[in-house]
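For reference, protein07.txt (compact mmCIF, C-alpha atoms and all ligand atoms):
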```txt
# COMPACT_ATOMS: atom_id res chain seq x y z
CA MET A 171 -141.79 -120.22 -13.90
CA ARG A 172 -140.05 -122.34 -11.25
CA SER A 173 -139.59 -120.81 -7.81
CA ARG A 174 -136.35 -121.15 -5.85
CA ARG A 175 -138.23 -123.43 -3.36
CA ASP A 176 -139.27 -125.76 -6.26
CA PHE A 177 -135.71 -125.80 -7.36
CA LEU A 178 -134.46 -126.75 -3.91
CA LYS A 179 -137.13 -129.50 -3.61
CA VAL A 180 -135.97 -131.02 -6.88
CA ALA A 181 -132.37 -130.56 -5.88
CA GLY A 182 -133.02 -132.35 -2.57
CA CYS A 183 -133.73 -135.59 -4.46
CA LEU A 184 -130.40 -135.53 -6.22
CA THR A 185 -126.95 -136.70 -5.25
CA THR A 186 -124.52 -134.11 -3.83
CA GLY A 187 -122.48 -133.99 -7.05
CA THR A 188 -125.52 -133.35 -9.19
CA LEU A 189 -126.80 -130.82 -6.66
CA LEU A 190 -123.62 -128.78 -6.97
CA SER A 191 -123.79 -128.72 -10.71
CA HIS A 192 -127.46 -127.66 -10.56
CA ARG A 193 -126.60 -124.86 -8.12
CA PHE A 194 -123.97 -123.70 -10.58
CA ALA A 195 -126.53 -123.71 -13.38
CA TRP A 196 -128.91 -121.67 -11.18
CA ALA A 197 -126.25 -119.05 -10.50
CA GLN A 198 -125.45 -118.69 -14.20
CA SER A 199 -129.08 -118.29 -15.25
CA GLY A 200 -129.65 -115.35 -12.85
CA LYS A 201 -129.74 -111.84 -14.25
CA LEU A 202 -126.53 -109.95 -14.88
CA LYS A 203 -126.56 -106.77 -12.78
CA VAL A 204 -125.61 -103.72 -14.85
CA GLY A 205 -125.01 -100.37 -13.13
CA LEU A 206 -125.63 -97.39 -15.40
CA MET A 207 -124.09 -94.25 -13.88
CA LEU A 208 -124.69 -91.40 -16.30
CA PRO A 209 -125.95 -87.80 -16.33
CA TYR A 210 -129.73 -87.68 -16.76
CA THR A 211 -130.07 -84.04 -15.68
CA GLY A 212 -128.02 -80.90 -16.40
CA THR A 213 -125.72 -79.86 -19.25
CA TYR A 214 -124.90 -83.44 -20.31
CA ALA A 215 -128.39 -84.99 -19.82
CA ALA A 216 -128.94 -85.59 -23.55
CA LEU A 217 -125.57 -87.36 -23.74
CA GLY A 218 -126.44 -89.73 -20.89
CA ASN A 219 -129.80 -90.54 -22.45
CA ALA A 220 -128.28 -91.22 -25.88
CA ILE A 221 -125.66 -93.56 -24.37
CA THR A 222 -128.40 -95.46 -22.51
CA SER A 223 -130.52 -95.79 -25.66
CA GLY A 224 -127.54 -96.98 -27.71
CA PHE A 225 -126.57 -99.58 -25.09
CA LYS A 226 -130.14 -100.87 -24.84
CA LEU A 227 -130.39 -101.15 -28.63
CA ALA A 228 -127.34 -103.45 -28.71
CA VAL A 229 -128.96 -105.58 -25.98
CA ALA A 230 -132.35 -105.61 -27.75
CA GLU A 231 -130.65 -106.81 -30.95
CA ARG A 232 -129.53 -109.85 -28.89
CA SER A 233 -133.09 -110.51 -27.66
CA GLY A 234 -132.34 -108.92 -24.30
CA ARG A 235 -129.54 -111.38 -23.38
CA LEU A 236 -125.76 -111.10 -23.38
CA GLY A 237 -123.89 -114.39 -23.18
CA GLY A 238 -127.24 -116.03 -22.42
CA ARG A 239 -127.94 -113.79 -19.40
CA GLU A 240 -130.82 -111.38 -19.06
CA LEU A 241 -129.84 -107.97 -17.69
CA GLU A 242 -131.10 -106.16 -14.62
CA TYR A 243 -130.41 -102.42 -14.65
CA PHE A 244 -129.49 -100.23 -11.68
CA THR A 245 -129.49 -96.57 -12.70
CA VAL A 246 -127.96 -93.50 -11.06
CA ASP A 247 -128.09 -89.89 -12.28
CA ASP A 248 -124.53 -88.64 -11.63
CA GLU A 249 -125.51 -85.01 -12.50
CA SER A 250 -121.99 -84.54 -13.97
CA ASP A 251 -120.94 -83.68 -10.42
CA PRO A 252 -117.50 -85.06 -9.48
CA SER A 253 -118.09 -84.41 -5.76
CA LYS A 254 -120.97 -86.96 -5.77
CA ALA A 255 -119.05 -89.61 -7.75
CA PRO A 256 -117.72 -91.69 -4.79
CA GLU A 257 -121.14 -91.95 -3.13
CA ASN A 258 -122.95 -92.69 -6.40
CA THR A 259 -120.42 -95.32 -7.48
CA ASN A 260 -120.45 -96.99 -4.06
CA ARG A 261 -124.22 -97.18 -4.17
CA LEU A 262 -123.95 -99.35 -7.29
CA VAL A 263 -120.93 -101.38 -6.22
CA GLN A 264 -121.53 -101.92 -2.48
CA ARG A 265 -125.32 -101.70 -2.15
CA ASP A 266 -126.57 -103.04 -5.50
CA LYS A 267 -123.56 -105.33 -6.04
CA VAL A 268 -123.53 -104.81 -9.81
CA ASP A 269 -121.48 -107.18 -12.00
CA VAL A 270 -120.48 -104.37 -14.34
CA LEU A 271 -120.39 -100.59 -14.04
CA ILE A 272 -121.10 -98.47 -17.11
CA GLY A 273 -120.25 -94.77 -16.88
CA THR A 274 -119.85 -91.97 -17.52
CA VAL A 275 -119.83 -88.76 -19.60
CA HIS A 276 -117.91 -86.21 -17.48
CA SER A 277 -114.15 -86.84 -17.08
CA GLY A 278 -114.08 -85.70 -13.44
CA VAL A 279 -116.92 -88.04 -12.47
CA ALA A 280 -115.31 -90.89 -14.44
CA LEU A 281 -112.10 -90.54 -12.46
CA GLY A 282 -114.12 -91.01 -9.25
CA MET A 283 -115.51 -94.24 -10.75
CA VAL A 284 -112.04 -95.35 -11.85
CA LYS A 285 -110.76 -95.03 -8.27
CA ILE A 286 -113.49 -97.33 -6.90
CA ALA A 287 -113.21 -99.77 -9.81
CA ARG A 288 -109.48 -100.08 -9.09
CA GLU A 289 -110.08 -100.61 -5.36
CA THR A 290 -112.86 -103.19 -5.76
CA GLY A 291 -111.90 -104.88 -9.06
CA THR A 292 -115.37 -104.17 -10.49
CA LEU A 293 -115.47 -104.25 -14.28
CA LEU A 294 -115.85 -100.66 -15.54
CA LEU A 295 -116.78 -99.77 -19.12
CA ILE A 296 -116.46 -96.04 -19.90
CA PRO A 297 -118.85 -95.08 -22.73
CA ASN A 298 -117.72 -91.44 -23.12
CA ALA A 299 -115.46 -89.60 -20.64
CA GLY A 300 -112.09 -89.02 -22.32
CA ALA A 301 -109.94 -88.43 -19.17
CA ALA A 302 -106.35 -89.36 -20.02
CA ALA A 303 -105.68 -91.00 -16.65
CA ALA A 304 -108.40 -93.66 -17.11
CA THR A 305 -106.30 -95.36 -19.78
CA GLY A 306 -103.06 -93.65 -18.75
CA GLU A 307 -101.55 -93.53 -15.28
CA LEU A 308 -104.65 -95.13 -13.68
CA CYS A 309 -105.07 -97.85 -16.33
CA SER A 310 -106.13 -101.20 -14.94
CA PRO A 311 -107.03 -104.67 -16.29
CA ASN A 312 -110.70 -104.20 -15.26
CA ILE A 313 -111.13 -100.73 -16.85
CA PHE A 314 -112.07 -100.35 -20.53
CA ARG A 315 -113.07 -97.33 -22.60
CA THR A 316 -115.29 -97.66 -25.70
CA SER A 317 -115.22 -94.00 -26.73
CA PHE A 318 -112.02 -91.90 -27.12
CA SER A 319 -109.40 -90.05 -25.12
CA ASN A 320 -109.64 -86.26 -24.99
CA TRP A 321 -106.20 -86.10 -26.62
CA GLN A 322 -107.37 -88.35 -29.47
CA THR A 323 -110.08 -85.98 -30.71
CA GLY A 324 -107.99 -82.78 -30.36
CA TYR A 325 -104.60 -83.81 -31.76
CA PRO A 326 -105.67 -84.40 -35.41
CA MET A 327 -107.36 -80.99 -35.60
CA GLY A 328 -104.07 -79.28 -34.68
CA LYS A 329 -102.51 -80.73 -37.81
CA VAL A 330 -105.52 -79.80 -40.00
CA VAL A 331 -105.42 -76.17 -38.82
CA ALA A 332 -101.63 -75.86 -39.21
CA ASP A 333 -101.79 -77.33 -42.75
CA ARG A 334 -104.17 -74.50 -43.68
CA GLY A 335 -101.55 -71.95 -42.72
CA LEU A 336 -103.49 -70.85 -39.62
CA LYS A 337 -100.64 -70.60 -37.13
CA ASN A 338 -101.76 -68.32 -34.25
CA VAL A 339 -104.70 -69.87 -32.49
CA VAL A 340 -106.74 -68.92 -29.42
CA ALA A 341 -108.21 -71.84 -27.46
CA ILE A 342 -111.35 -71.50 -25.34
CA THR A 343 -112.93 -74.21 -23.20
CA TRP A 344 -114.32 -75.35 -19.85
CA LYS A 345 -111.74 -75.55 -17.07
CA TYR A 346 -111.68 -79.27 -16.32
CA ALA A 347 -109.89 -82.38 -17.62
CA ALA A 348 -111.86 -82.70 -20.88
CA GLY A 349 -111.19 -79.10 -21.95
CA GLU A 350 -107.59 -79.08 -20.73
CA GLU A 351 -106.70 -82.37 -22.45
CA SER A 352 -108.55 -81.53 -25.66
CA ILE A 353 -106.57 -78.27 -25.93
CA GLY A 354 -103.41 -80.18 -24.96
CA GLY A 355 -103.87 -82.62 -27.86
CA PHE A 356 -104.77 -79.85 -30.30
CA SER A 357 -101.76 -77.79 -29.23
CA GLU A 358 -99.45 -80.80 -29.74
CA GLY A 359 -100.72 -81.30 -33.32
CA LEU A 360 -100.61 -77.57 -34.09
CA THR A 361 -97.08 -77.14 -32.74
CA LYS A 362 -95.85 -80.09 -34.85
CA GLY A 363 -97.25 -78.25 -37.89
CA GLY A 364 -95.43 -75.03 -36.98
CA GLY A 365 -98.32 -73.22 -35.25
CA LYS A 366 -98.93 -72.10 -31.67
CA VAL A 367 -101.76 -71.69 -29.17
CA VAL A 368 -101.19 -68.02 -28.33
CA LYS A 369 -103.83 -67.71 -25.60
CA GLU A 370 -105.96 -70.10 -23.54
CA LEU A 371 -109.30 -68.82 -22.27
CA TRP A 372 -111.16 -70.71 -19.54
CA VAL A 373 -114.76 -70.93 -18.36
CA PRO A 374 -115.72 -72.84 -15.16
CA PHE A 375 -117.84 -75.96 -15.89
CA PRO A 376 -120.83 -75.87 -16.50
CA GLN A 377 -121.07 -72.07 -16.90
CA VAL A 378 -121.99 -70.61 -20.29
CA GLU A 379 -121.24 -66.91 -19.87
CA PHE A 380 -119.01 -66.34 -22.93
CA GLN A 381 -119.53 -62.66 -23.75
CA ALA A 382 -116.42 -61.16 -22.11
CA LEU A 383 -114.17 -63.85 -23.61
CA LEU A 384 -115.63 -63.43 -27.08
CA THR A 385 -114.86 -59.71 -26.85
CA GLN A 386 -111.28 -60.64 -25.92
CA ILE A 387 -111.02 -62.97 -28.95
CA ALA A 388 -112.23 -60.18 -31.24
CA SER A 389 -109.48 -57.87 -29.99
CA LEU A 390 -106.76 -60.58 -30.14
CA LYS A 391 -107.56 -61.24 -33.83
CA PRO A 392 -106.04 -64.76 -34.01
CA ASP A 393 -105.90 -66.75 -37.28
CA ALA A 394 -108.36 -69.26 -35.81
CA VAL A 395 -110.12 -70.37 -32.62
CA TYR A 396 -110.14 -73.95 -31.26
CA THR A 397 -112.68 -75.10 -28.71
CA PHE A 398 -114.06 -77.98 -26.65
CA PHE A 399 -117.66 -77.64 -25.53
CA ALA A 400 -120.37 -80.30 -25.55
CA GLY A 401 -124.09 -80.72 -24.90
CA ALA A 402 -126.02 -77.61 -23.85
CA GLY A 403 -122.74 -75.64 -23.53
CA ALA A 404 -121.90 -76.31 -27.19
CA VAL A 405 -125.30 -75.02 -28.30
CA LYS A 406 -124.82 -71.75 -26.41
CA PHE A 407 -121.18 -71.23 -27.47
CA VAL A 408 -121.81 -71.72 -31.21
CA LYS A 409 -124.80 -69.37 -31.11
CA ASP A 410 -122.94 -66.74 -29.09
CA TYR A 411 -119.90 -66.94 -31.42
CA ALA A 412 -122.12 -66.14 -34.41
CA ALA A 413 -124.11 -63.47 -32.52
CA ALA A 414 -120.83 -61.74 -31.53
CA GLY A 415 -120.09 -61.34 -35.26
CA LEU A 416 -117.04 -63.66 -35.17
CA LYS A 417 -118.38 -66.36 -37.52
CA GLY A 418 -116.99 -65.78 -41.01
CA LYS A 419 -114.29 -63.48 -39.59
CA ILE A 420 -112.22 -65.81 -37.39
CA PRO A 421 -112.58 -69.49 -38.35
CA LEU A 422 -113.82 -71.68 -35.48
CA PHE A 423 -112.68 -75.31 -35.12
CA GLY A 424 -113.32 -77.88 -32.44
CA SER A 425 -113.42 -81.49 -31.40
CA GLY A 426 -116.63 -82.89 -32.86
CA PHE A 427 -118.56 -82.65 -29.57
CA LEU A 428 -119.09 -79.01 -30.54
CA THR A 429 -121.63 -79.98 -33.19
CA ASP A 430 -122.68 -83.57 -32.38
CA GLY A 431 -126.28 -84.15 -31.28
CA VAL A 432 -126.94 -80.40 -31.14
CA LEU A 433 -127.34 -79.26 -34.77
CA GLU A 434 -131.13 -78.76 -34.60
CA ALA A 435 -130.65 -76.41 -31.63
CA GLN A 436 -127.65 -74.56 -33.15
CA GLY A 437 -129.37 -73.97 -36.52
CA GLU A 438 -127.75 -71.51 -38.92
CA ALA A 439 -124.95 -70.62 -36.46
CA ALA A 440 -123.35 -74.07 -36.94
CA GLN A 441 -123.40 -74.21 -40.74
CA GLY A 442 -119.95 -74.84 -42.23
CA LEU A 443 -118.18 -75.58 -38.91
CA GLU A 444 -115.40 -78.15 -39.20
CA THR A 445 -114.55 -80.56 -36.39
CA THR A 446 -112.65 -83.81 -35.80
CA LEU A 447 -114.24 -86.89 -34.24
CA HIS A 448 -114.36 -90.69 -34.39
CA TYR A 449 -117.87 -90.62 -35.91
CA GLY A 450 -119.88 -88.67 -38.46
CA ASP A 451 -123.61 -89.09 -38.97
CA GLY A 452 -123.08 -88.91 -42.73
CA LEU A 453 -120.69 -91.92 -42.73
CA ASP A 454 -121.69 -93.70 -45.91
CA THR A 455 -121.32 -97.37 -44.91
CA PRO A 456 -123.93 -100.15 -44.81
CA ARG A 457 -123.08 -100.72 -41.12
CA ASN A 458 -123.76 -97.10 -40.19
CA LYS A 459 -126.93 -96.91 -42.28
CA ALA A 460 -128.33 -100.08 -40.67
CA PHE A 461 -127.50 -98.76 -37.19
CA ARG A 462 -129.08 -95.37 -37.85
CA GLN A 463 -132.24 -96.98 -39.15
CA ALA A 464 -132.52 -99.37 -36.19
CA TYR A 465 -131.83 -96.59 -33.67
CA SER A 466 -134.40 -94.19 -35.18
CA LYS A 467 -136.99 -96.99 -35.19
CA ALA A 468 -136.40 -97.79 -31.51
CA ASN A 469 -136.06 -94.18 -30.31
CA LYS A 470 -137.57 -90.78 -31.05
CA GLY A 471 -134.58 -88.95 -32.54
CA GLU A 472 -131.59 -89.58 -34.77
CA PRO A 473 -128.47 -91.15 -33.21
CA ASP A 474 -125.32 -89.14 -32.48
CA VAL A 475 -121.79 -90.05 -31.39
CA TYR A 476 -122.97 -90.69 -27.82
CA ALA A 477 -125.58 -93.20 -29.03
CA VAL A 478 -122.84 -94.96 -31.03
CA GLN A 479 -120.59 -95.13 -27.97
CA GLY A 480 -123.44 -96.60 -25.87
CA TYR A 481 -124.16 -99.11 -28.63
CA ASP A 482 -120.50 -100.10 -28.88
CA THR A 483 -120.38 -100.56 -25.10
CA GLY A 484 -123.16 -103.11 -25.54
CA LEU A 485 -121.23 -104.80 -28.38
CA LEU A 486 -118.05 -105.01 -26.30
CA LEU A 487 -119.84 -106.40 -23.25
CA ALA A 488 -121.64 -108.91 -25.49
CA ALA A 489 -118.32 -110.09 -26.93
CA GLY A 490 -116.89 -110.60 -23.44
CA LEU A 491 -119.92 -112.35 -21.98
CA GLU A 492 -120.36 -114.62 -24.97
CA ALA A 493 -116.78 -115.86 -24.51
CA VAL A 494 -117.48 -116.85 -20.87
CA ARG A 495 -121.08 -117.97 -21.55
CA GLY A 496 -122.44 -115.28 -19.29
CA ASP A 497 -120.27 -116.21 -16.29
CA ALA A 498 -118.95 -112.79 -15.27
CA SER A 499 -117.14 -114.35 -12.30
CA LYS A 500 -114.57 -115.76 -14.76
CA LYS A 501 -112.78 -112.42 -14.54
CA ASN A 502 -109.53 -113.29 -16.33
CA ASP A 503 -111.27 -115.00 -19.26
CA LEU A 504 -113.74 -112.14 -19.51
CA ILE A 505 -110.97 -109.55 -19.58
CA ALA A 506 -108.99 -111.54 -22.16
CA ALA A 507 -112.08 -111.70 -24.41
CA LEU A 508 -112.72 -107.96 -24.07
CA GLU A 509 -109.08 -107.22 -24.88
CA LYS A 510 -109.14 -109.14 -28.12
CA ALA A 511 -112.60 -108.06 -29.30
CA ARG A 512 -112.92 -106.40 -32.71
CA ILE A 513 -115.94 -104.15 -32.63
CA ASP A 514 -117.90 -103.85 -35.87
CA SER A 515 -119.09 -100.35 -35.04
CA PRO A 516 -121.17 -97.82 -37.00
CA ARG A 517 -118.07 -95.56 -36.69
CA GLY A 518 -115.93 -98.21 -38.48
CA ALA A 519 -114.29 -101.28 -36.97
CA TRP A 520 -112.06 -100.72 -33.94
CA THR A 521 -109.91 -102.71 -31.55
CA LEU A 522 -108.54 -101.86 -28.12
CA SER A 523 -105.02 -100.68 -27.37
CA LYS A 524 -102.95 -102.34 -24.63
CA ALA A 525 -104.20 -99.57 -22.32
CA HIS A 526 -107.86 -100.45 -23.21
CA ASN A 527 -108.71 -97.39 -25.33
CA PRO A 528 -110.06 -97.68 -28.92
CA ILE A 529 -107.59 -97.49 -31.82
CA GLN A 530 -109.73 -95.74 -34.40
CA ASP A 531 -109.99 -93.45 -37.40
CA ILE A 532 -110.58 -89.78 -36.63
CA TYR A 533 -112.73 -88.08 -39.26
CA LEU A 534 -112.76 -84.49 -40.46
CA ARG A 535 -116.39 -83.38 -40.58
CA LYS A 536 -118.24 -80.32 -41.83
CA VAL A 537 -121.72 -79.20 -40.82
CA VAL A 538 -124.06 -79.29 -43.81
CA GLY A 539 -127.74 -78.78 -42.90
CA THR A 540 -128.43 -81.09 -39.96
CA GLN A 541 -125.53 -83.45 -40.69
CA ASN A 542 -121.93 -83.70 -39.57
CA LYS A 543 -120.79 -84.73 -43.02
CA VAL A 544 -117.53 -86.69 -43.21
CA ILE A 545 -115.20 -84.85 -45.62
CA GLY A 546 -112.00 -86.79 -44.93
CA VAL A 547 -109.98 -88.88 -42.51
CA ALA A 548 -107.91 -86.54 -40.33
CA HIS A 549 -105.90 -89.42 -38.81
CA LYS A 550 -106.09 -93.12 -39.65
CA ALA A 551 -106.08 -95.70 -36.81
CA LEU A 552 -105.05 -93.20 -34.14
CA GLU A 553 -103.90 -94.67 -30.82
CA ASP A 554 -103.80 -92.63 -27.62
CA PRO A 555 -100.23 -92.39 -26.27
CA ALA A 556 -101.46 -93.79 -22.89
CA ARG A 557 -98.80 -91.85 -21.02
CA GLY A 558 -98.04 -93.37 -17.62
CA CYS A 559 -99.96 -96.62 -18.17
CA ASN A 560 -98.28 -99.60 -16.58
CA MET A 561 -100.86 -102.39 -16.89
CA LYS A 562 -100.39 -104.85 -14.06
CA LYS A 563 -101.91 -108.18 -15.03
CA THR A 564 -103.39 -110.24 -12.19
C1 LIG B 1 -115.59 -85.41 -20.88
O1 LIG B 1 -115.83 -84.84 -19.81
O2 LIG B 1 -114.62 -86.19 -20.98
C2 LIG B 1 -116.46 -85.17 -22.06
C3 LIG B 1 -117.74 -84.70 -21.88
C4 LIG B 1 -118.56 -84.51 -22.98
C5 LIG B 1 -118.10 -84.80 -24.26
C6 LIG B 1 -116.79 -85.26 -24.42
C7 LIG B 1 -115.97 -85.44 -23.33
```
So that I can check it, write out the structure of this file as structure tokens.
Amino acid sequence: MRSRRDFLKVAGCLTTGTLLSHRFAWAQSGKLKVGLMLPYTGTYAALGNAITSGFKLAVAERSGRLGGRELEYFTVDDESDPSKAPENTNRLVQRDKVDVLIGTVHSGVALGMVKIARETGTLLLIPNAGAAAATGELCSPNIFRTSFSNWQTGYPMGKVVADRGLKNVVAITWKYAAGEESIGGFSEGLTKGGGKVVKELWVPFPQVEFQALLTQIASLKPDAVYTFFAGAGAVKFVKDYAAAGLKGKIPLFGSGFLTDGVLEAQGEAAQGLETTLHYGDGLDTPRNKAFRQAYSKANKGEPDVYAVQGYDTGLLLAAGLEAVRGDASKKNDLIAALEKARIDSPRGAWTLSKAHNPIQDIYLRKVVGTQNKVIGVAHKALEDPARGCNMKKT
């Protein structure tokens, strides 16, 4: 391989004009710096790992190059701790000078990343966190989400529950943006269908002490319970709900994070649970089957929604970089290409809204064995309302 000194020696023999064009070629053939800021420890560790594996699969399918550029990874474990988000993000942006930031899972941490991305203009791709503000009041030309908004996965379930005549519902969740906005969306759908959230019960993130609240639910005797929990918290909640004798007595519903990627650990306690999400591992399409096969071959376990989101982040970045032939400094062209991308995803094809959030089908799923089986489409091509987004083009 040629060293930089060799390159300069060769360049020295050339005219100034040619030299400039060679320098340009050198810059473009360097590696693209990708900052992965995700949780690799704690409650959401499995989610961060699945996103990373999905992203790397999309890159591997392109022989390790996006838009002709090899990638160099800079990785930070954000621990799902919002208080560490500014320092962690700055490490990637200021110290490592990444070309693109990818992160994260936890809504509170993501909002810390959004703030720095807005201040510095760094391209930010959000592969999970559903915080409304990221594609709402804090929307920005350089911020894109490849996953969902918290509203988007809760709202359709409100309608499903109301249509079943279950009108008085207790909601229980972690007290932070993801839980609050998931319940907000659910409540909006339920209210439209003539129902009501009669009580909201809160647990501080990432605590998993549910006993006292489950006792309260038993005495309230609602028609149904709606919940948002994910990762290790979802495993504990579903098991505790069954152990408290509530399963089979008060129907439990949730956004699909309740049962995604955790069915082996939840076992019998999860059987029959119905949730709404933009993916289902039983989706019977050639695209999904091919993805699942490729993912299982490259990794130890089966893919889940987080792996799909990581994979789709790779597909979106590939679409953008291919349009600018790997030149990430062509910011406006890159953004325009990302905005008009149509992602042929294992979840079904999706495009981005004006606020940069996927417009996508939301499926109704039911746990059967170790699968989140798709049993219907709860809402076709659902777009987040993007409240407060005023996209200022540069
Ligand atoms: C969130 O914090 O936005 C989130 C975390 C895990 C799963 C889904 C959403």
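Remark: for ligand LIG 1 (chain B), the closest of the candidate residues A:Lys550, A:Arg557, A:Arg517, A:His276 is A:His276 (distances computed over only C-alpha atoms and all ligand atoms).
Counting all atoms listed in the file and comparing A:Glu370, A:Asp482, A:Asp497, A:Asp393, the residue that lies closest to Arg334 (chain A) is A:Asp393.
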### Message
9 Å from ligand LIG 1 (chain B) is the threshold here; counting only C-alpha atoms and all ligand atoms, which polymer residues fall inside it? Answer as a ChimeraX atom specification.
### Response
/A:214,217,250,274-280,298-302,318-320,346-349,351-352,398-401,425-428,476
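Note that CA of Gly450 (chain A) and CA of Val475 (chain A) are 7.5 Å apart.
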### Message
Using only C-alpha atoms for the distances, tell me which of A:Met207, A:Ala394, A:Ala216, A:Leu486 is nearest to Leu416 (chain A).
### Response
A:Ala394
### Task
Write out as a PyMOL selection string which residues come within 10 Å of Asp451 (chain A) when counting only C-alpha atoms, dropping same-chain ones fewer than 4 positions away.
chain A and resi 430-431+458-459+462+472-475+478+516-517+535+540-544
Output file for the selection above: C-alpha atoms, as a compact mmCIF listing (two decimals), in the frame of the given file:
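Generated file (selection.txt):
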```txt
# COMPACT_ATOMS: atom_id res chain seq x y z
CA ASP A 430 -122.68 -83.57 -32.38
CA GLY A 431 -126.28 -84.15 -31.28
CA ASN A 458 -123.76 -97.10 -40.19
CA LYS A 459 -126.93 -96.91 -42.28
CA ARG A 462 -129.08 -95.37 -37.85
CA GLU A 472 -131.59 -89.58 -34.77
CA PRO A 473 -128.47 -91.15 -33.21
CA ASP A 474 -125.32 -89.14 -32.48
CA VAL A 475 -121.79 -90.05 -31.39
CA VAL A 478 -122.84 -94.96 -31.03
CA PRO A 516 -121.17 -97.82 -37.00
CA ARG A 517 -118.07 -95.56 -36.69
CA ARG A 535 -116.39 -83.38 -40.58
CA THR A 540 -128.43 -81.09 -39.96
CA GLN A 541 -125.53 -83.45 -40.69
CA ASN A 542 -121.93 -83.70 -39.57
CA LYS A 543 -120.79 -84.73 -43.02
CA VAL A 544 -117.53 -86.69 -43.21
```
### Task
Fewer than 2 positions away in the same chain doesn't count, so skip those; otherwise give me all residues within 9 Å of Glu553 (chain A), counting all atoms listed in the file, as a list in words.
Gln322, Leu522, Ser523, Asn527, Pro528, Ile529, Gln530, Ala551, Pro555 and Ala556 of chain A
### Pick from A:Ile353, A:Leu293, A:Ile272, A:Leu308, whichever lies nearest to Gly328 (chain A) using all atoms listed in the file
A:Ile353
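Of note, CA of Gly452 (chain A) and CA of Gly480 (chain A) are spaced 18.5 Å apart.
Using only C-alpha atoms for every distance, the candidate list A:Met283, A:Leu227, A:Leu206, A:Ala413 yields A:Leu227 as the residue closest to Gln463 (chain A).
The nearest approach to Leu443 (chain A) among the residues A:Met561, A:Ile532, A:Ile420, A:Leu271, with only C-alpha atoms taken into account, belongs to A:Ile420.
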### Task
For CA of Ile221 (chain A) and CA of Tyr481 (chain A), quote the distance in Å rounded to one decimal.
7.2 Å
### Message
What's around His526 (chain A) at 10 Å? Count only C-alpha atoms, leave out sequence neighbours fewer than 2 positions away in its own chain, and write the answer as a PyMOL selection string.
### Response
chain A and resi 295+304-306+309-316+508-509+521-524+528-529+554+556+561
#### Entry: Non-local contacts of Ala488 (chain A) (12 Å; only C-alpha atoms; under 5 positions in same chain excluded) as a ChimeraX atom specification
/A:202,225-226,228-241,481-483,493-498,504,507-508,511-513
### Radius query 10 Å about (-113.1, -86.4, -42.2), atoms used: only C-alpha atoms, as a VMD selection string
chain A and resid 444 to 450 453 531 to 536 542 to 549
Could you save the residues just selected, with C-alpha atoms, as an mmCIF file, in the frame of the given file?
```cif
data_model
loop_
_atom_site.group_PDB
_atom_site.id
_atom_site.type_symbol
_atom_site.label_atom_id
_atom_site.label_comp_id
_atom_site.auth_asym_id
_atom_site.auth_seq_id
_atom_site.Cartn_x
_atom_site.Cartn_y
_atom_site.Cartn_z
ATOM 1 C CA GLU A 444 -115.400 -78.150 -39.200
ATOM 2 C CA THR A 445 -114.550 -80.560 -36.390
ATOM 3 C CA THR A 446 -112.650 -83.810 -35.800
ATOM 4 C CA LEU A 447 -114.240 -86.890 -34.240
ATOM 5 C CA HIS A 448 -114.360 -90.690 -34.390
ATOM 6 C CA TYR A 449 -117.870 -90.620 -35.910
ATOM 7 C CA GLY A 450 -119.880 -88.670 -38.460
ATOM 8 C CA LEU A 453 -120.690 -91.920 -42.730
ATOM 9 C CA ASP A 531 -109.990 -93.450 -37.400
ATOM 10 C CA ILE A 532 -110.580 -89.780 -36.630
ATOM 11 C CA TYR A 533 -112.730 -88.080 -39.260
ATOM 12 C CA LEU A 534 -112.760 -84.490 -40.460
ATOM 13 C CA ARG A 535 -116.390 -83.380 -40.580
ATOM 14 C CA LYS A 536 -118.240 -80.320 -41.830
ATOM 15 C CA ASN A 542 -121.930 -83.700 -39.570
ATOM 16 C CA LYS A 543 -120.790 -84.730 -43.020
ATOM 17 C CA VAL A 544 -117.530 -86.690 -43.210
ATOM 18 C CA ILE A 545 -115.200 -84.850 -45.620
ATOM 19 C CA GLY A 546 -112.000 -86.790 -44.930
ATOM 20 C CA VAL A 547 -109.980 -88.880 -42.510
ATOM 21 C CA ALA A 548 -107.910 -86.540 -40.330
ATOM 22 C CA HIS A 549 -105.900 -89.420 -38.810
#
```
Axis-aligned box over every listed atom of region 354-368 of chain A, padded by 4 Å per side: centre and edges in Å to one decimal, as lines of an AutoDock Vina configuration file?
```
center_x = -100.1
center_y = -75.3
center_z = -31.4
size_x = 17.3
size_y = 22.6
size_z = 20.9
```
### Query
Quick one: residues within 10 Å of Val367 (chain A), all atoms listed in the file counted, chain neighbours fewer than 6 positions away excluded, as a list in words?
Gly328, Lys337, Asn338, Val339, Val340, Ala341, Ile353, Gly354, Phe356, Ser357, Glu358, Leu360, Thr361, Pro392, Ala394, Val395 and Tyr396 of chain A
